[in-house]
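Participant: Provided herewith: query_6.cif, mmCIF, C-alpha atoms.
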```
data_coords
loop_
_atom_site.label_atom_id
_atom_site.label_comp_id
_atom_site.auth_asym_id
_atom_site.auth_seq_id
_atom_site.Cartn_x
_atom_site.Cartn_y
_atom_site.Cartn_z
CA MET M 1 -15.12 -37.94 -33.79
CA THR M 2 -12.20 -35.51 -33.79
CA SER M 3 -12.17 -35.39 -37.61
CA GLN M 4 -15.71 -33.98 -37.56
CA LYS M 5 -14.92 -31.32 -34.99
CA SER M 6 -15.05 -28.46 -37.48
CA LYS M 7 -18.57 -29.47 -38.42
CA GLU M 8 -19.95 -29.14 -34.91
CA LEU M 9 -22.96 -26.85 -34.68
CA ILE M 10 -22.69 -23.83 -32.37
CA ARG M 11 -26.06 -22.32 -31.48
CA PRO M 12 -25.60 -18.61 -30.71
CA MET M 13 -27.54 -17.14 -27.79
CA PRO M 14 -30.17 -14.61 -28.86
CA THR M 15 -30.12 -11.22 -27.08
CA THR M 16 -33.67 -11.98 -25.95
CA TRP M 17 -32.51 -15.10 -24.04
CA TRP M 18 -33.95 -13.76 -20.77
CA LEU M 19 -37.47 -13.20 -22.15
CA GLY M 20 -38.32 -16.82 -22.91
CA LYS M 21 -38.11 -18.30 -19.42
CA LYS M 22 -39.77 -17.17 -16.20
CA SER M 23 -36.75 -17.90 -14.00
CA TYR M 24 -34.45 -15.89 -16.32
CA LEU M 25 -36.92 -12.99 -16.43
CA LEU M 26 -37.23 -12.88 -12.63
CA PHE M 27 -33.44 -12.92 -12.37
CA MET M 28 -33.20 -9.92 -14.72
CA VAL M 29 -35.87 -8.07 -12.71
CA ARG M 30 -33.93 -8.78 -9.50
CA GLU M 31 -30.72 -7.47 -11.08
CA LEU M 32 -32.43 -4.35 -12.46
CA THR M 33 -34.00 -3.43 -9.11
CA CYS M 34 -30.47 -2.61 -7.89
CA VAL M 35 -30.63 0.51 -10.09
CA PHE M 36 -33.46 1.77 -7.87
CA VAL M 37 -31.56 0.86 -4.69
CA GLY M 38 -28.56 2.83 -5.98
CA ALA M 39 -30.68 5.78 -7.17
CA TYR M 40 -32.40 5.98 -3.79
CA ALA M 41 -29.06 6.02 -2.01
CA LEU M 42 -28.09 9.02 -4.18
CA LEU M 43 -31.37 10.76 -3.36
CA LEU M 44 -30.67 10.26 0.35
CA LEU M 45 -27.24 11.85 -0.09
CA VAL M 46 -28.86 14.88 -1.73
CA LEU M 47 -31.42 15.07 1.08
CA VAL M 48 -28.97 14.92 3.97
CA SER M 49 -26.74 17.56 2.36
CA SER M 50 -29.66 20.02 2.10
CA ASP M 51 -31.14 22.16 4.88
CA GLN M 52 -34.36 21.24 6.65
CA GLN M 53 -36.69 23.31 4.44
CA THR M 54 -35.29 22.09 1.14
CA PHE M 55 -35.37 18.58 2.60
CA ALA M 56 -39.11 18.88 3.26
CA SER M 57 -39.93 20.60 -0.01
CA ILE M 58 -38.06 17.96 -2.06
CA LEU M 59 -39.97 15.19 -0.29
CA LYS M 60 -43.34 16.94 -0.72
CA SER M 61 -42.96 17.54 -4.45
CA PRO M 62 -45.19 15.40 -6.73
CA VAL M 63 -42.12 14.11 -8.60
CA SER M 64 -40.68 12.84 -5.34
CA ILE M 65 -43.96 11.16 -4.36
CA VAL M 66 -44.18 9.35 -7.71
CA ALA M 67 -40.49 8.38 -7.46
CA HIS M 68 -41.11 6.93 -4.00
CA LEU M 69 -44.15 4.97 -5.19
CA VAL M 70 -42.05 3.44 -7.97
CA ALA M 71 -38.94 2.87 -5.85
CA LEU M 72 -40.72 1.22 -2.92
CA PRO M 73 -41.89 -1.97 -4.71
CA MET M 74 -38.53 -2.22 -6.50
CA VAL M 75 -36.53 -1.96 -3.28
CA LEU M 76 -38.90 -4.37 -1.52
CA TYR M 77 -38.54 -6.90 -4.36
CA HIS M 78 -34.77 -6.50 -4.19
CA SER M 79 -34.62 -7.00 -0.42
CA ILE M 80 -37.05 -9.90 -0.31
CA THR M 81 -35.44 -11.88 -3.15
CA TRP M 82 -31.98 -11.47 -1.61
CA PHE M 83 -33.16 -12.28 1.92
CA ASN M 84 -34.76 -15.43 0.57
CA LEU M 85 -31.47 -16.42 -1.05
CA THR M 86 -29.38 -16.11 2.15
CA PRO M 87 -29.90 -19.77 3.18
CA LYS M 88 -28.10 -20.79 -0.03
CA VAL M 89 -25.04 -18.81 1.02
CA MET M 90 -25.14 -19.26 4.79
CA VAL M 91 -24.89 -22.86 5.90
CA LEU M 92 -24.92 -23.56 9.62
CA TRP M 93 -24.68 -27.03 11.10
CA ARG M 94 -26.05 -28.42 14.32
CA GLY M 95 -24.31 -31.80 14.43
CA GLU M 96 -25.54 -33.76 11.42
CA GLU M 97 -28.47 -31.40 10.81
CA ARG M 98 -28.45 -28.20 8.77
CA VAL M 99 -30.04 -25.22 10.48
CA SER M 100 -33.37 -24.77 8.67
CA PRO M 101 -33.33 -22.35 5.70
CA THR M 102 -36.51 -20.72 7.04
CA LEU M 103 -34.72 -19.86 10.27
CA ILE M 104 -31.76 -18.30 8.42
CA ALA M 105 -33.96 -16.27 6.05
CA GLY M 106 -36.32 -15.46 8.94
CA SER M 107 -33.53 -13.98 11.06
CA ASN M 108 -32.84 -11.48 8.24
CA TYR M 109 -36.48 -10.35 8.33
CA LEU M 110 -36.29 -10.07 12.11
CA VAL M 111 -33.21 -7.82 11.94
CA TRP M 112 -34.93 -5.78 9.19
CA LEU M 113 -37.98 -5.32 11.42
CA VAL M 114 -35.90 -4.29 14.45
CA VAL M 115 -33.82 -1.80 12.42
CA SER M 116 -37.00 -0.35 10.85
CA ILE M 117 -38.58 0.14 14.28
CA VAL M 118 -35.41 1.85 15.57
CA VAL M 119 -35.28 4.16 12.48
CA ALA M 120 -39.00 4.96 12.81
CA GLY M 121 -38.51 5.63 16.54
CA ILE M 122 -35.66 8.07 15.86
CA ALA M 123 -37.75 9.80 13.19
CA PHE M 124 -40.69 10.26 15.58
CA LEU M 125 -38.53 11.37 18.50
CA TYR M 126 -36.53 13.99 16.62
CA GLY M 127 -38.95 14.71 13.74
CA MET A 1 -41.92 -51.18 -23.07
CA ASP A 2 -42.08 -53.27 -26.26
CA PRO A 3 -45.19 -52.06 -28.10
CA SER A 4 -45.82 -55.57 -29.53
CA LYS A 5 -46.37 -56.94 -26.03
CA SER A 6 -49.13 -54.57 -24.99
CA THR A 7 -52.06 -53.14 -26.93
CA PRO A 8 -50.92 -49.86 -28.41
CA PRO A 9 -53.00 -46.92 -27.21
CA LYS A 10 -55.35 -45.21 -29.66
CA GLU A 11 -53.91 -41.83 -28.83
CA THR A 12 -50.65 -40.55 -30.24
CA ILE A 13 -48.47 -37.56 -29.45
CA SER A 14 -46.11 -35.76 -31.78
CA LEU A 15 -42.48 -35.06 -31.08
CA GLU A 16 -40.61 -32.26 -32.80
CA VAL A 17 -37.05 -33.45 -32.78
CA PHE A 18 -33.95 -31.36 -33.47
CA ARG A 19 -31.99 -32.87 -36.35
CA TYR A 20 -28.45 -32.00 -37.38
CA GLN A 21 -26.48 -34.23 -39.70
CA PRO A 22 -23.16 -32.57 -40.43
CA GLU A 23 -22.28 -34.71 -43.47
CA GLU A 24 -25.54 -33.77 -45.21
CA GLU A 25 -26.44 -30.26 -44.08
CA ASP A 26 -24.92 -27.17 -42.49
CA GLU A 27 -28.08 -26.13 -40.66
CA SER A 28 -30.26 -27.84 -38.12
CA ARG A 29 -33.94 -28.54 -38.73
CA MET A 30 -36.89 -29.82 -36.71
CA GLN A 31 -38.47 -33.13 -37.69
CA ARG A 32 -41.92 -34.23 -36.58
CA TYR A 33 -42.64 -37.81 -35.50
CA GLU A 34 -45.92 -39.32 -34.31
CA VAL A 35 -45.57 -41.82 -31.45
CA PRO A 36 -48.10 -43.82 -29.41
CA LEU A 37 -49.01 -42.07 -26.16
CA HIS A 38 -48.39 -44.86 -23.64
CA LYS A 39 -49.16 -43.80 -20.09
CA ASP A 40 -45.87 -45.15 -18.79
CA TRP A 41 -43.65 -43.86 -21.59
CA VAL A 42 -41.02 -41.21 -21.13
CA VAL A 43 -39.45 -39.05 -23.85
CA LEU A 44 -36.55 -41.51 -24.05
CA ASP A 45 -38.99 -44.39 -24.78
CA ALA A 46 -40.50 -42.29 -27.55
CA LEU A 47 -37.04 -41.61 -29.03
CA ASN A 48 -36.18 -45.32 -28.90
CA TYR A 49 -39.52 -46.06 -30.61
CA ILE A 50 -38.67 -43.57 -33.35
CA LYS A 51 -35.21 -45.07 -33.83
CA ASP A 52 -36.52 -48.67 -33.90
CA GLN A 53 -39.74 -48.19 -35.88
CA ILE A 54 -39.67 -44.94 -37.87
CA ASP A 55 -36.24 -43.45 -38.48
CA GLY A 56 -33.02 -45.29 -37.70
CA THR A 57 -30.87 -42.25 -38.49
CA LEU A 58 -31.80 -40.41 -35.26
CA SER A 59 -28.87 -40.17 -32.82
CA PHE A 60 -29.06 -39.62 -29.05
CA ARG A 61 -27.26 -40.77 -25.90
CA TRP A 62 -28.78 -42.94 -23.20
CA SER A 63 -27.88 -45.77 -20.92
CA CYS A 64 -29.54 -46.64 -17.60
CA ARG A 65 -33.14 -45.42 -18.18
CA MET A 66 -33.51 -44.75 -14.44
CA GLY A 67 -32.02 -41.35 -13.71
CA VAL A 68 -28.65 -42.55 -12.48
CA CYS A 69 -26.22 -42.50 -15.40
CA GLY A 70 -26.78 -38.89 -16.47
CA SER A 71 -26.46 -39.65 -20.21
CA CYS A 72 -29.88 -38.76 -21.60
CA GLY A 73 -30.08 -35.05 -20.76
CA MET A 74 -31.96 -33.04 -23.42
CA MET A 75 -34.02 -29.89 -23.75
CA VAL A 76 -37.69 -30.93 -23.49
CA ASN A 77 -39.96 -28.02 -24.40
CA GLY A 78 -37.05 -25.71 -23.65
CA GLU A 79 -36.28 -27.14 -20.19
CA PRO A 80 -33.17 -29.21 -19.44
CA LYS A 81 -34.47 -32.66 -18.47
CA LEU A 82 -33.32 -36.23 -18.13
CA SER A 83 -35.37 -37.69 -21.01
CA CYS A 84 -35.78 -40.91 -18.99
CA ALA A 85 -37.66 -38.94 -16.34
CA ALA A 86 -39.86 -36.78 -18.60
CA PHE A 87 -43.22 -38.56 -18.99
CA LEU A 88 -45.07 -38.07 -22.29
CA ARG A 89 -48.39 -37.80 -20.45
CA ASP A 90 -47.19 -34.67 -18.64
CA TYR A 91 -46.77 -32.94 -22.02
CA ALA A 92 -50.05 -34.15 -23.59
CA PRO A 93 -51.58 -33.19 -25.98
CA GLY A 94 -48.19 -32.07 -27.27
CA PRO A 95 -46.31 -31.52 -29.48
CA ILE A 96 -43.14 -32.06 -27.46
CA ARG A 97 -40.05 -30.22 -28.63
CA VAL A 98 -36.86 -32.22 -28.08
CA GLU A 99 -33.50 -30.51 -28.59
CA PRO A 100 -29.88 -31.12 -27.57
CA LEU A 101 -28.72 -29.54 -24.28
CA ASN A 102 -28.41 -25.77 -24.63
CA TYR A 103 -25.06 -23.99 -24.89
CA PHE A 104 -23.06 -27.09 -25.90
CA PRO A 105 -21.77 -27.65 -29.45
CA VAL A 106 -23.88 -30.24 -31.28
CA ILE A 107 -22.07 -33.22 -32.83
CA ARG A 108 -25.22 -34.62 -34.46
CA ASP A 109 -28.95 -34.62 -33.72
CA LEU A 110 -29.34 -34.74 -29.92
CA VAL A 111 -25.70 -35.58 -29.20
CA ILE A 112 -23.64 -32.74 -27.73
CA ASN A 113 -19.88 -32.43 -27.30
CA MET A 114 -19.17 -32.74 -23.56
CA GLU A 115 -15.36 -32.59 -23.75
CA ASP A 116 -15.36 -29.08 -22.26
CA PHE A 117 -17.16 -30.31 -19.13
CA LEU A 118 -14.91 -33.34 -18.74
CA HIS A 119 -11.87 -31.09 -19.06
CA LYS A 120 -13.23 -28.79 -16.34
CA LEU A 121 -13.81 -31.73 -13.99
CA GLY A 122 -10.10 -32.44 -14.37
CA GLU A 123 -9.14 -28.79 -13.86
CA VAL A 124 -10.89 -28.63 -10.47
CA LYS A 125 -9.46 -32.03 -9.45
CA ALA A 126 -12.87 -33.51 -8.71
CA TRP A 127 -11.55 -36.52 -6.86
CA LEU A 128 -10.33 -37.35 -3.37
CA LEU A 129 -6.77 -36.17 -2.64
CA PRO A 130 -5.85 -37.04 0.95
CA ASP A 131 -3.14 -35.03 2.73
CA GLU A 132 -1.05 -38.15 3.03
CA GLU A 133 -1.60 -41.34 1.10
CA LYS A 134 -1.50 -44.23 3.52
CA PRO A 135 -0.88 -47.85 2.61
CA VAL A 136 -3.90 -50.17 2.44
CA SER A 137 -2.52 -52.08 5.43
CA GLU A 138 -3.23 -49.04 7.64
CA GLY A 139 -6.91 -49.37 6.92
CA GLU A 140 -9.59 -46.99 5.78
CA TYR A 141 -9.85 -43.20 6.07
CA ARG A 142 -12.50 -42.91 8.76
CA GLN A 143 -15.30 -40.38 8.77
CA SER A 144 -18.14 -39.57 11.17
CA PRO A 145 -21.78 -39.17 10.06
CA ALA A 146 -21.52 -35.44 10.84
CA GLU A 147 -18.48 -35.14 8.56
CA LEU A 148 -20.32 -37.04 5.83
CA ALA A 149 -23.34 -34.72 6.15
CA ARG A 150 -21.17 -31.67 5.25
CA TYR A 151 -20.68 -32.72 1.62
CA LYS A 152 -23.26 -35.46 0.99
CA GLN A 153 -25.69 -33.31 -0.98
CA PHE A 154 -22.98 -32.21 -3.43
CA SER A 155 -21.82 -35.81 -3.87
CA MET A 156 -25.16 -36.76 -5.46
CA CYS A 157 -24.13 -35.19 -8.80
CA ILE A 158 -24.40 -37.57 -11.77
CA ASN A 159 -22.60 -35.31 -14.30
CA CYS A 160 -25.72 -35.00 -16.47
CA MET A 161 -24.87 -31.38 -17.39
CA LEU A 162 -28.47 -30.15 -17.12
CA CYS A 163 -27.14 -27.35 -14.89
CA TYR A 164 -24.83 -26.14 -17.67
CA ALA A 165 -27.75 -26.15 -20.13
CA ALA A 166 -29.69 -24.02 -17.60
CA CYS A 167 -26.88 -21.50 -17.02
CA PRO A 168 -27.02 -18.33 -19.16
CA VAL A 169 -23.58 -17.37 -17.80
CA TYR A 170 -22.13 -20.54 -19.33
CA GLY A 171 -24.03 -19.71 -22.54
CA HIS A 172 -22.34 -16.32 -22.72
CA HIS A 173 -18.91 -17.33 -21.37
CA PRO A 174 -17.96 -20.92 -22.19
CA ASP A 175 -14.80 -20.41 -20.07
CA PHE A 176 -16.93 -20.38 -16.89
CA ILE A 177 -16.00 -23.46 -14.85
CA GLY A 178 -19.72 -23.90 -14.29
CA PRO A 179 -22.19 -25.30 -11.75
CA ALA A 180 -21.45 -29.04 -11.59
CA ALA A 181 -17.65 -28.75 -11.62
CA ILE A 182 -17.67 -26.14 -8.84
CA ALA A 183 -20.21 -28.14 -6.80
CA LEU A 184 -17.97 -31.19 -7.13
CA ALA A 185 -14.89 -29.19 -6.16
CA GLN A 186 -16.82 -28.08 -3.05
CA ARG A 187 -17.83 -31.70 -2.45
CA TYR A 188 -14.14 -32.68 -2.11
CA ASN A 189 -13.09 -29.47 -0.33
CA LEU A 190 -15.71 -30.20 2.35
CA ASP A 191 -14.69 -33.86 2.69
CA SER A 192 -12.79 -34.42 5.96
CA ARG A 193 -10.59 -37.03 4.23
CA ASP A 194 -9.45 -34.56 1.55
CA GLY A 195 -6.52 -32.17 1.86
CA ALA A 196 -6.29 -30.54 -1.56
CA ALA A 197 -8.45 -27.42 -1.17
CA ASP A 198 -5.34 -25.29 -1.79
CA GLN A 199 -4.69 -27.07 -5.09
CA ARG A 200 -8.24 -26.37 -6.24
CA ALA A 201 -8.24 -22.75 -5.03
CA GLU A 202 -6.50 -21.21 -8.03
CA VAL A 203 -9.10 -22.48 -10.49
CA ILE A 204 -12.15 -22.16 -8.23
CA PHE A 205 -11.46 -18.68 -6.80
CA SER A 206 -10.58 -17.23 -10.22
CA HIS A 207 -12.77 -15.04 -12.40
CA GLU A 208 -13.67 -18.01 -14.62
CA GLY A 209 -14.49 -19.87 -11.42
CA ILE A 210 -16.97 -18.64 -8.83
CA TRP A 211 -16.78 -14.92 -9.66
CA GLU A 212 -18.29 -15.35 -13.12
CA CYS A 213 -21.51 -16.61 -11.47
CA THR A 214 -24.26 -13.99 -11.13
CA PHE A 215 -26.52 -16.30 -9.09
CA VAL A 216 -29.29 -16.85 -11.61
CA GLY A 217 -30.02 -20.02 -9.65
CA ASP A 218 -31.50 -21.97 -12.54
CA CYS A 219 -28.86 -24.72 -12.14
CA THR A 220 -30.36 -25.60 -8.77
CA ARG A 221 -33.91 -25.50 -10.14
CA VAL A 222 -33.22 -28.02 -12.91
CA CYS A 223 -30.91 -30.39 -11.01
CA PRO A 224 -32.54 -33.86 -11.01
CA LYS A 225 -30.56 -34.87 -7.90
CA ASN A 226 -31.15 -31.77 -5.71
CA VAL A 227 -27.43 -31.05 -5.59
CA ASP A 228 -27.93 -27.25 -5.34
CA PRO A 229 -24.92 -26.16 -7.39
CA ALA A 230 -25.95 -22.49 -7.02
CA GLY A 231 -25.64 -22.89 -3.24
CA ALA A 232 -22.25 -24.59 -3.64
CA ILE A 233 -20.95 -21.67 -5.73
CA GLN A 234 -22.19 -18.99 -3.30
CA GLN A 235 -20.69 -20.91 -0.36
CA ALA A 236 -17.41 -21.10 -2.27
CA LYS A 237 -17.62 -17.32 -2.77
CA VAL A 238 -17.77 -16.92 1.02
CA GLU A 239 -14.76 -19.24 1.40
CA GLY A 240 -12.86 -17.38 -1.31
CA THR A 241 -13.54 -14.03 0.34
CA LYS A 242 -12.46 -15.29 3.77
CA ASP A 243 -9.35 -16.77 2.16
CA TRP A 244 -8.50 -13.41 0.58
CA PHE A 245 -9.05 -11.44 3.79
CA ARG A 246 -6.91 -13.90 5.71
CA SER A 247 -4.10 -13.52 3.21
CA VAL A 248 -4.29 -9.71 3.29
CA LEU A 249 -4.98 -9.06 6.97
CA VAL A 250 -2.86 -11.77 8.50
CA PRO A 251 0.72 -11.17 7.33
CA TRP A 252 1.96 -14.52 8.63
CA GLY A 253 -1.06 -16.32 7.09
CA LYS A 254 -0.94 -18.12 3.80
CA LYS A 255 -0.28 -16.21 0.61
CA PRO A 256 -3.23 -15.45 -1.69
CA SER A 257 -3.77 -18.22 -4.20
#
```
Can the structure in the file be given as structure tokens, please?
Facilitator:
Amino acid sequence: MTSQKSKELIRPMPTTWWLGKKSYLLFMVRELTCVFVGAYALLLLVLVSSDQQTFASILKSPVSIVAHLVALPMVLYHSITWFNLTPKVMVLWRGEERVSPTLIAGSNYLVWLVVSIVVAGIAFLYG
Amino acid sequence: MDPSKSTPPKETISLEVFRYQPEEEDESRMQRYEVPLHKDWVVLDALNYIKDQIDGTLSFRWSCRMGVCGSCGMMVNGEPKLSCAAFLRDYAPGPIRVEPLNYFPVIRDLVINMEDFLHKLGEVKAWLLPDEEKPVSEGEYRQSPAELARYKQFSMCINCMLCYAACPVYGHHPDFIGPAAIALAQRYNLDSRDGAADQRAEVIFSHEGIWECTFVGDCTRVCPKNVDPAGAIQQAKVEGTKDWFRSVLVPWGKKPS
């Protein structure tokens, strides 16, 4: 077998490798959504460094509204896919039983909900 | 299984099989074969039928025919599958494309070179290394059901390499230690009888180890034994990170590996 080694066939990976399979495509979408998460973080930095009037006028501009409409589904997809993957990373044991993956993923959603309510509460109180 | 013993079905299904014969050609080609569509036949039965009845030059690996030996992994319609567990009827009316496992060098036809994987199994020391070897006279290394539960899922691996054929990271970087080898390293690291996690750390916590993984997760999807190698790798990432923090934050702790 070793004498034939040089004749082994190597099949190069096409650059379109991620287009042919649903699971690969969804992975690429998940990875690309991080661009929107990062971009939104930058936008927030710009907003908090500006005064109240500029803050409001930036948010009210049509460009900003379109940007938000695009960013929202991307950021949601990003958060949901990663939350759903947490049970793979976090393994808790109760004796011989693993704590159910639904419970581990679910606790992330619960914390998300609580934090969102707190943020919304602050916004309404001081807005 | 022998077609002479039962009435052959009227229906047939065609298989498009990847052929590569290094002594005759430099390129691969696809060859079409027509096989009877028996309800209880799997792709491996069809390949054996081809080899026995149509074309004896076709090469492929197989052994147990029952999803235990891990020899007959192939790409079936682009998906890594154990060909002994891929029923023809599920692909009817066909044709069924059968190719060697992705990302591995092809020796001939459906036979891939698996030396790289076997070498990696050795690199991660995928076997039990107790802290102290004790003589047989002292009896067995005892383990509770709870301790067994910690690693049992990862111990179900049959080394079929479907996870490697599903991993685009391995396709791009053949140096990547890869799903099965890391899952098996975790299997021994989590075993209460084992004491060699430090010896495995250098390979596992390296860039070619866990940090090459981008968590595509396809290894877990295709695993015929529900081993969840993607989970094993992410859990090892957590361990590796804790290990690093311990070595940096605790001066009297162990040195980084």
Participant: Just the number, please: distance in Å from atom CA of Lys21 of chain M to atom CA of Glu79 of chain A, one decimal.
Facilitator: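 Here the two named atoms are 9.1 Å from each other.
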Participant: Name the residues that the PyMOL selection byres ((chain A) within 10 of (chain M)) pulls out of this structure, and write them as a ChimeraX atom specification.
Facilitator: /A:20-23,25-28,78-79,102-109,112-113,144-150,166-168,171-172,214-218,221,228-238
Participant: Which distance in Å separates atom CA of Leu121 of chain A and atom CA of Leu82 of chain A, to one decimal?
Facilitator: 20.4 Å
Participant: Any idea what the distance is between atom CA of Arg65 of chain A and atom CA of Pro174 of chain A?
Facilitator: 29.1 Å
Participant: Here's a test: counting all atoms listed in the file, identify every protein, DNA and RNA residue with an atom at most 9 Å from (-15.2, -28.9, -4.3) in the file's coordinate frame, and state them as a list of chain:residue names.
Facilitator: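 Returned residue set, sorted by chain then number, is A:Val124, A:Lys125, A:Ala126, A:Trp127, A:Tyr151, A:Phe154, A:Ala181, A:Ile182, A:Ala183, A:Leu184, A:Ala185, A:Gln186, A:Arg187, A:Tyr188, A:Asn189, A:Leu190, A:Asp191, A:Ala197, A:Arg200, A:Ile204, A:Ala232, A:Ala236.
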Participant: Would you write out those residues with C-alpha atoms, as an mmCIF file, in the coordinates of the input?
Facilitator:
```cif
data_model
loop_
_atom_site.group_PDB
_atom_site.id
_atom_site.type_symbol
_atom_site.label_atom_id
_atom_site.label_comp_id
_atom_site.auth_asym_id
_atom_site.auth_seq_id
_atom_site.Cartn_x
_atom_site.Cartn_y
_atom_site.Cartn_z
ATOM 1 C CA VAL A 124 -10.890 -28.630 -10.470
ATOM 2 C CA LYS A 125 -9.460 -32.030 -9.450
ATOM 3 C CA ALA A 126 -12.870 -33.510 -8.710
ATOM 4 C CA TRP A 127 -11.550 -36.520 -6.860
ATOM 5 C CA TYR A 151 -20.680 -32.720 1.620
ATOM 6 C CA PHE A 154 -22.980 -32.210 -3.430
ATOM 7 C CA ALA A 181 -17.650 -28.750 -11.620
ATOM 8 C CA ILE A 182 -17.670 -26.140 -8.840
ATOM 9 C CA ALA A 183 -20.210 -28.140 -6.800
ATOM 10 C CA LEU A 184 -17.970 -31.190 -7.130
ATOM 11 C CA ALA A 185 -14.890 -29.190 -6.160
ATOM 12 C CA GLN A 186 -16.820 -28.080 -3.050
ATOM 13 C CA ARG A 187 -17.830 -31.700 -2.450
ATOM 14 C CA TYR A 188 -14.140 -32.680 -2.110
ATOM 15 C CA ASN A 189 -13.090 -29.470 -0.330
ATOM 16 C CA LEU A 190 -15.710 -30.200 2.350
ATOM 17 C CA ASP A 191 -14.690 -33.860 2.690
ATOM 18 C CA ALA A 197 -8.450 -27.420 -1.170
ATOM 19 C CA ARG A 200 -8.240 -26.370 -6.240
ATOM 20 C CA ILE A 204 -12.150 -22.160 -8.230
ATOM 21 C CA ALA A 232 -22.250 -24.590 -3.640
ATOM 22 C CA ALA A 236 -17.410 -21.100 -2.270
#
```
Participant: Applied to the shown file, which residues does the PyMOL selection byres ((chain M and resi 36-53) around 10) return, written as a list of chain:residue names?
Facilitator: M:Leu32, M:Thr33, M:Cys34, M:Val35, M:Thr54, M:Phe55, M:Ala56, M:Ser57, M:Ile58, M:Leu59, M:Ser64, M:Ala67, M:His68, M:Val70, M:Ala71, M:Leu72, M:Pro73, M:Met74, M:Val75, M:Leu76, M:His78, M:Ser79
Participant: Please write the residues picked by the PyMOL selection byres ((chain A and resi 212) around 10) on this file as a ChimeraX atom specification.
Facilitator: /A:169-170,173,175-178,205-211,213-215
Participant: Is it possible to get the residues within 10 Å of (-34.0, -31.4, -33.9) (coordinates as in the file, counting all atoms listed in the file) written as a list in words?
Facilitator: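 Final list of nearby residues, as requested, is Leu15, Glu16, Val17, Phe18, Arg19, Tyr20, Gln21, Ser28, Arg29, Met30, Gln31, Arg32, Leu58, Arg97, Val98, Glu99, Pro100, Arg108, Asp109 and Leu110 of chain A.
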